[in-house]
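Chemist: What follows is input.cif, made up of mmCIF, C-alpha atoms and all ligand atoms:
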data_coords
#
loop_
_atom_site.label_atom_id
_atom_site.label_comp_id
_atom_site.auth_asym_id
_atom_site.auth_seq_id
_atom_site.Cartn_x
_atom_site.Cartn_y
_atom_site.Cartn_z
CA MET A 1 136.81 68.04 75.71
CA LEU A 2 136.66 70.94 78.15
CA THR A 3 133.24 72.57 78.17
CA SER A 4 132.60 76.33 78.19
CA TRP A 5 131.03 78.27 81.05
CA ALA A 6 128.02 79.03 78.87
CA GLN A 7 127.48 75.35 78.06
CA LEU A 8 128.11 74.27 81.64
CA ASN A 9 125.69 76.82 83.11
CA ALA A 10 123.05 75.82 80.56
CA ASP A 11 123.56 72.14 81.41
CA ILE A 12 123.15 72.84 85.13
CA ALA A 13 120.10 75.05 84.56
CA GLY A 14 118.36 72.33 82.56
CA CYS A 15 119.44 69.37 84.69
CA THR A 16 116.76 67.06 86.09
CA LYS A 17 118.97 64.07 86.91
CA CYS A 18 117.77 63.99 90.53
CA GLY A 19 114.22 64.07 91.87
CA ILE A 20 115.11 66.96 94.18
CA SER A 21 115.27 69.29 91.17
CA ALA A 22 111.46 69.20 91.01
CA GLY A 23 111.04 70.89 94.38
CA ILE A 24 113.50 73.77 94.15
CA ASN A 25 113.12 77.48 93.42
CA HIS A 26 116.54 77.99 91.87
CA LYS A 27 119.58 76.00 90.90
CA VAL A 28 122.65 77.16 92.81
CA PRO A 29 125.58 76.60 90.45
CA GLY A 30 128.05 78.58 92.58
CA GLN A 31 129.50 82.00 91.99
CA GLY A 32 132.64 84.08 92.19
CA ASP A 33 135.81 84.63 90.21
CA PRO A 34 136.07 82.16 87.30
CA ASP A 35 139.82 82.72 87.50
CA ALA A 36 140.01 82.21 91.26
CA ARG A 37 143.10 80.94 93.05
CA LEU A 38 140.83 79.39 95.68
CA MET A 39 137.62 77.34 95.34
CA VAL A 40 135.43 76.86 98.40
CA ILE A 41 133.15 73.82 98.35
CA GLY A 42 130.30 73.16 100.75
CA GLU A 43 127.50 70.61 100.86
CA GLY A 44 124.42 71.98 99.15
CA PRO A 45 122.08 74.97 99.02
CA GLY A 46 119.91 75.81 102.02
CA ALA A 47 116.65 77.75 102.05
CA GLN A 48 118.18 81.19 101.50
CA GLU A 49 120.45 79.92 98.77
CA ASP A 50 117.54 78.21 97.04
CA ARG A 51 115.54 81.44 97.15
CA GLN A 52 118.34 83.56 95.73
CA GLY A 53 120.15 81.07 93.48
CA LEU A 54 123.42 81.94 95.21
CA ALA A 55 125.73 79.77 97.31
CA PHE A 56 126.42 80.58 100.98
CA VAL A 57 124.19 83.61 101.48
CA GLY A 58 122.50 82.54 104.75
CA ALA A 59 123.93 82.71 108.26
CA ALA A 60 126.65 80.17 107.44
CA GLY A 61 127.49 82.22 104.36
CA GLN A 62 127.94 85.35 106.45
CA LEU A 63 130.34 83.49 108.69
CA LEU A 64 132.18 82.20 105.63
CA THR A 65 132.54 85.79 104.40
CA GLN A 66 134.12 86.74 107.74
CA MET A 67 136.40 83.70 107.67
CA LEU A 68 137.66 84.59 104.20
CA LYS A 69 138.09 88.23 105.16
CA ALA A 70 140.19 87.18 108.14
CA ILE A 71 142.74 85.69 105.73
CA GLY A 72 142.61 88.66 103.38
CA LEU A 73 140.19 87.30 100.78
CA SER A 74 136.89 88.71 99.55
CA ARG A 75 134.05 86.53 98.33
CA GLU A 76 134.44 88.07 94.89
CA GLU A 77 137.98 86.80 94.44
CA VAL A 78 137.22 83.17 95.25
CA PHE A 79 134.72 80.75 93.70
CA ILE A 80 132.11 79.40 96.11
CA GLY A 81 130.07 76.31 95.27
CA ASN A 82 128.65 73.08 96.61
CA ILE A 83 128.64 69.34 96.03
CA VAL A 84 125.02 69.54 94.77
CA LYS A 85 123.39 72.42 92.88
CA CYS A 86 119.82 71.68 94.05
CA ARG A 87 118.57 72.07 97.61
CA PRO A 88 117.82 68.73 99.26
CA PRO A 89 114.44 69.04 100.99
CA GLY A 90 114.61 70.07 104.64
CA ASN A 91 118.36 70.65 104.28
CA ARG A 92 119.04 66.94 104.53
CA VAL A 93 122.45 65.66 103.49
CA PRO A 94 122.58 64.91 99.74
CA THR A 95 122.38 61.20 98.97
CA ASP A 96 125.37 59.46 97.40
CA GLY A 97 123.37 59.21 94.18
CA GLU A 98 122.62 62.93 94.10
CA ALA A 99 126.25 63.75 94.79
CA ALA A 100 127.41 61.35 92.06
CA ASN A 101 124.96 62.90 89.59
CA CYS A 102 126.12 66.42 90.37
CA LEU A 103 129.89 65.97 90.78
CA PRO A 104 130.62 66.14 87.04
CA TYR A 105 129.45 69.78 87.11
CA LEU A 106 131.78 70.61 89.97
CA ARG A 107 134.63 68.83 88.20
CA ALA A 108 133.92 70.82 85.05
CA GLN A 109 133.91 74.06 87.06
CA THR A 110 137.21 73.08 88.65
CA ALA A 111 138.71 72.31 85.24
CA LEU A 112 137.65 75.74 83.96
CA ILE A 113 138.85 77.65 87.02
CA ARG A 114 142.09 75.69 87.58
CA PRO A 115 142.38 76.79 91.24
CA GLN A 116 145.62 76.55 93.18
CA ALA A 117 143.80 75.54 96.36
CA ILE A 118 140.42 74.13 97.36
CA LEU A 119 138.84 74.58 100.79
CA LEU A 120 136.43 71.77 101.63
CA LEU A 121 133.76 72.79 104.11
CA GLY A 122 132.46 69.94 106.22
CA ALA A 123 131.96 66.19 106.08
CA THR A 124 129.93 65.99 102.86
CA ALA A 125 132.46 67.90 100.77
CA LEU A 126 135.27 65.86 102.33
CA LYS A 127 133.51 62.56 101.62
CA HIS A 128 132.81 63.22 97.96
CA ILE A 129 136.08 64.95 97.08
CA LEU A 130 138.68 63.08 99.12
CA GLY A 131 136.95 59.84 100.12
CA PRO A 132 134.23 58.31 102.31
CA GLU A 133 136.73 56.76 104.70
CA LEU A 134 137.85 60.15 106.01
CA ARG A 135 136.39 61.92 109.04
CA ILE A 136 136.31 65.68 109.20
CA THR A 137 137.52 65.75 112.81
CA LYS A 138 140.71 63.87 111.77
CA ALA A 139 141.23 65.18 108.24
CA ARG A 140 140.68 68.86 108.95
CA GLY A 141 143.71 71.08 108.77
CA GLN A 142 145.75 68.63 106.70
CA PHE A 143 146.49 69.47 103.09
CA VAL A 144 146.15 66.86 100.39
CA LEU A 145 148.10 67.73 97.25
CA SER A 146 146.20 66.37 94.27
CA LYS A 147 147.24 67.09 90.69
CA GLY A 148 149.06 70.21 91.84
CA VAL A 149 146.07 71.55 93.81
CA TYR A 150 146.26 71.98 97.59
CA ILE A 151 143.04 70.63 99.09
CA LEU A 152 142.28 71.53 102.70
CA PRO A 153 139.30 70.18 104.66
CA THR A 154 137.90 72.20 107.54
CA PHE A 155 134.64 72.49 109.44
CA HIS A 156 131.52 73.74 107.69
CA PRO A 157 130.56 77.23 108.94
CA ALA A 158 127.14 75.84 109.89
CA ALA A 159 128.94 73.45 112.26
CA LEU A 160 130.84 76.42 113.71
CA LEU A 161 127.56 78.20 114.33
CA ARG A 162 126.19 75.14 116.12
CA ASP A 163 129.39 74.59 118.09
CA PRO A 164 131.50 77.76 118.46
CA GLY A 165 134.11 75.67 120.31
CA LYS A 166 135.27 74.46 116.88
CA LYS A 167 136.12 77.98 115.71
CA LYS A 168 139.64 77.89 117.13
CA ASP A 169 140.52 74.82 115.03
CA ALA A 170 138.90 76.34 111.96
CA TRP A 171 140.99 79.48 112.41
CA GLU A 172 144.16 77.40 112.59
CA ASP A 173 143.11 75.69 109.33
CA LEU A 174 142.48 79.02 107.63
CA LYS A 175 145.86 80.36 108.67
CA ARG A 176 147.46 77.29 107.05
CA LEU A 177 145.49 78.02 103.90
CA ARG A 178 146.62 81.65 103.94
CA ASP A 179 150.24 80.57 104.34
CA ILE A 180 150.06 78.09 101.45
CA LEU A 181 148.44 80.65 99.15
CA SER A 182 150.92 83.35 100.06
CA GLY A 183 153.80 81.00 99.27
CA LEU A 184 152.52 80.12 95.80
CA PRO A 185 153.38 82.14 92.71
CA GLU A 186 150.68 84.34 91.17
CA LYS A 187 148.28 82.23 89.18
CA GLU A 188 148.60 82.16 85.44
CA LYS A 189 145.41 83.74 84.10
CA ASN A 190 142.87 81.49 82.40
CA SER A 191 142.36 82.38 78.78
CA ARG A 192 138.98 80.61 78.55
CA ASP A 193 135.64 82.32 78.37
CA HIS A 194 134.08 83.56 81.57
CA PRO A 195 130.52 83.20 82.83
CA ASN A 196 128.17 86.15 82.35
S1 LIG A 201 121.52 68.08 92.21
FE1 LIG A 201 122.85 68.41 90.41
S2 LIG A 201 122.68 66.51 89.20
FE2 LIG A 201 120.94 66.56 90.64
S3 LIG A 201 119.28 67.54 89.46
FE3 LIG A 201 120.32 69.16 90.64
S4 LIG A 201 121.85 69.98 89.17
FE4 LIG A 201 121.18 67.98 88.38
#
Starting from the file, lay out its structure as structure tokens.
Modeler:
Amino acid sequence: MLTSWAQLNADIAGCTKCGISAGINHKVPGQGDPDARLMVIGEGPGAQEDRQGLAFVGAAGQLLTQMLKAIGLSREEVFIGNIVKCRPPGNRVPTDGEAANCLPYLRAQTALIRPQAILLLGATALKHILGPELRITKARGQFVLSKGVYILPTFHPAALLRDPGKKKDAWEDLKRLRDILSGLPEKEKNSRDHPN
């Protein structure tokens, strides 16, 4: 049965399935429009995110804000989250076990939001959503249509900060995302309860 936002947020807040939950300041469940047309999924919280309990608020988050703005979207009208809701120590990549533990929450969020498109940011999101055999350098920019949802992998903004040479490709990916979204009919509004 589909959970409610209140139940889901309570489940995430109380979750201790992974050892990393013991060392965090805040869970980072993700935030944005619970009726969003677009979900954006990254890897996991960093230091800033852990401090504030919000996804993508550090330097990579600022770049993400600019990237969304460039295709006419504000942060408030999308939903931004991660594969894991707890910060892995030292910003290491989440283990497969941590990702497996946490993915049911992301799936539940996706079921509540019913987005028309999902933007996967970076290799970790790609691996756990579309498959471990895929490489971000090959898969980026190519839509996968899954259960009526257009899923597009692209580079993580942190990778763009490390290697600005990748920005041109990321921009091409975002333009494809903009074109897909603009060609889709307005989303039917969710009638379910909303968080907060
Ligand atoms: S990463 Fe996810 S599954 Fe693991 S403890 Fe945190 S909230 Fe729970």
Chemist: Quick one: of A:Lys187, A:Arg87, A:Lys167, A:Lys127, who's nearest to Ala36 in chain A, counting only C-alpha atoms?
Modeler: A:Lys187
Chemist: Given only C-alpha atoms, how would the per-residue table for range 91-167 of chain A near range 46-49 of chain A read, listing every residue at most 12 Å away with its closest atom pair and distance in Å to one decimal, sorted by chain and number, as a tab-separated table?
Modeler:
residue	atom	partner	partner_atom	distance
A:Asn91	CA	A:Gly46	CA	5.8
A:Arg92	CA	A:Gly46	CA	9.3
A:Val93	CA	A:Gly46	CA	10.6
A:Pro94	CA	A:Gly46	CA	11.5
A:Ala158	CA	A:Gly46	CA	10.7
Chemist: Give the answer as one residue: which of A:Asn101, A:Thr154, A:Thr95, A:Gln7 has the shortest atom-to-atom distance to Gly42 in chain A, using all atoms listed in the file?
Modeler: A:Thr154
Chemist: Atom S3 of ligand LIG 201 (chain A) to CA of Arg114 in chain A: how many Å, to one decimal?
Modeler: 24.3 Å
Chemist: Step by step, measure atom-to-atom distances between ligand LIG 201 (chain A) and each residue using only C-alpha atoms and all ligand atoms, keep those at most 9 Å, then write them as a PyMOL selection string.
Modeler: chain A and resi 11-22+24+27-29+44+83-88+94+97-105
Chemist: Set the distance at 9 Å and use all atoms listed in the file: which residues neighbour Met39 in chain A once local chain neighbours fewer than 3 positions away are removed? I'd like the list as a PyMOL selection string.
Modeler: chain A and resi 32+36+78-81+110+113+115-120
Chemist: So, counting all atoms listed in the file, which residue among A:Pro185, A:Pro157, A:Gly23, A:Gly72 is closest to Val57 in chain A?
Modeler: A:Pro157
Chemist: Quote the spacing between CA of Leu63 in chain A and CA of Phe155 in chain A in Å to one decimal place.
Modeler: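 CA of Phe155 in chain A lies at a distance of 11.8 Å from CA of Leu63 in chain A.
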Chemist: Grab the CA of Leu2 in chain A to CA of Glu77 in chain A distance for me, in Å with one decimal place.
Modeler: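 Answer for the CA of Leu2 in chain A to CA of Glu77 in chain A separation: 22.8 Å.
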Chemist: Excluding Leu145 in chain A and any residue of its chain fewer than 3 positions from it, enumerate the residues within 12 Å of it, using all atoms listed in the file, and give them as a PyMOL selection string.
Modeler: chain A and resi 116-118+130+142+148-153+180
Chemist: Would you compute an axis-aligned box for range 58-74 of chain A, covering every atom listed for it in the file with 5 Å of margin on each side, and report centre and edge lengths in Å to one decimal as lines of an AutoDock Vina configuration file?
Modeler:
center_x = 132.6
center_y = 84.4
center_z = 104.1
size_x = 30.2
size_y = 18.5
size_z = 19.1
Chemist: Restricting the calculation to all atoms listed in the file: of A:Gln109, A:Thr137, A:Ser4, A:Gln31, which residue gets closest to Glu76 in chain A?
Modeler: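 Checking each of A:Gln109, A:Thr137, A:Ser4, A:Gln31 against Glu76 in chain A, counting all atoms listed in the file, the winner is A:Gln31.
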Chemist: Considering all atoms listed in the file, state which residue in the set A:Ile71, A:Leu106, A:Pro164, A:Asp35 is at the smallest distance from Glu188 in chain A.
Modeler: A:Asp35
Chemist: Name the closest residue to Ala125 in chain A among the candidates A:Ala170, A:Leu54, A:Leu64, A:Ile41; distances are taken between atoms, counting all atoms listed in the file.
Modeler: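 The answer is A:Ile41, which sits nearest to Ala125 in chain A.
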Chemist: Report as a count of residues only all protein, DNA and RNA residues lying within 8 Å of His26 in chain A, evaluated on all atoms listed in the file, omitting residues in the same chain fewer than 3 positions from it.
Modeler: 5
